[in-house]
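Take a look at the structure below.
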Amino acid sequence: MANRLRVLNKNRFCLTLLAGTALLASCVSLEEARLAPGAVRPGQKTVLLLYAGPGPLVSAADSNVESAAKIVPGLGLVVQSAQDDRDLAASKDLARYLPAWTPESAFYPRLQEALAVSGHPGAFIAQEQTDVPADSLRKLNEARDALDWRNRYFLPGLEGAHGRNYAAFLSLDDALIFEVNLLYGVASDEQGLMVPILGAAVKLLRPATLKTLWRQEFLAEDKPAAKSLYDFKAGPAQLTANWEKMMPELAQKIAAGYRDNLQKAGAYKAPAVAVPAQQGLPPGGD
């Protein structure tokens with residue numbers, strides 16, 4: 001129970017903007033996996049898969065209660081459960097106000113662009129370039145709600161948390177999976193306002209064995225855009241615009257984190273530099 005409580009407190013810290021907490025450039029998981037030398041073969045096909053939560057996640061911390069939970073043995077799990085219930089109710093309420101929005105479509109091209117210069121020695125390909133039906137992958141992202149999705153796919157070490165079973169797709173045996181789980185929502189700051197946040201839990205894994213080769217979490221926030229939850233409900237289009245504005249930053253953080261691991265593992269491959277075409281002489285020139 002003590003280990004689980006530490007995981008819960010750590011993940012609450014990663015997703016909640018506590019008073020005086022600086023911007024988290026990246027949240028390093030308790031179960032982070034470092035890339036080993038030789039893990040990625042030159043030219044190895046790497047399927048880039050992006051999954052988003054089914055809705056926004058609201059994280060509104062009660063600092064007084066959480067402070068007590070750190071002191072009273074056993075109270076932490078009770079507090080976490082009650083906080084999760086409140087967050088889930090607020091998340092479902094916020095989702096009712098949001099316009100139709102597909103975060104995967106908005107984030108995927110930015111992710112592709114950033115990873116193209118990450119130094120990956122393999123070859124990134126999209127799901128459409130495999131023979132795995134899109135519907136089969138959608139089924140791997142099933143969850144009851146935003147909180148259940150977070151616990152299943154974003155946070156490690158929780159009861160009920162599990163990875164996706166790619167072993168059933170035999171055509172991917174020789175490939176790697178670069179899996180990005182995108183979480184979007186708002187988190188309370190020290191003034192009680194809600195700050196738009198965008199998070200990603202990223203894994204590189206072998207589908208045949210489901211072995212994780214690398215894992216890391218990343219977080220972006222838009223502090224200047226902080227508002228009350230009521231204001232976001234009154235102008236929901238602005239909230240989706242805030243999330244999209246953070247997408248290039250989050251994509252760059254993912255690429256930088258991956259590049260760092262590739263370099264430490266000795267697997268980094270410098271991206272090809274495009275050479276501009278030589279201009280010819282104008283018509284009639286010598």
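Please note that chains go A, B, ... in the order of the structure tokens, that every chain numbers its residues from 1, and that ligands are numbered from 1 in the order shown.
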
Backbone DSSP call of helix (DSSP H, G or I) for range 92-256 of chain A, listed as JSON, numbers by chain = {"A": [92, 93, 94, 95, 103, 104, 105, 106, 107, 108, 109, 110, 111, 112, 113, 114, 115, 127, 128, 129, 134, 135, 136, 137, 138, 139, 146, 147, 148, 149, 150, 151, 152, 153, 154, 170, 171, 172, 223, 224, 225, 229, 230, 231, 232, 233, 234, 236, 237, 238, 239, 240, 241, 242, 243, 244, 245, 246, 247, 248, 249, 250, 251, 252, 253, 254, 255, 256]}

Could you give me, as a count of residues only, the residues within 6 Å of range 228-231 of chain A, counting only C-alpha atoms and dropping anything in the same chain fewer than 2 positions from it?
-> 4

Top pick for closest residue to Ala39 in chain A, considering A:Thr102, A:Ser59, A:Thr212, A:Asn181 and counting only C-alpha atoms | A:Thr212

Looking at only C-alpha atoms, which of A:Leu182, A:Leu239, A:Leu88, A:Leu94 is the one that sits closest to Ala52 in chain A?
-> A:Leu182
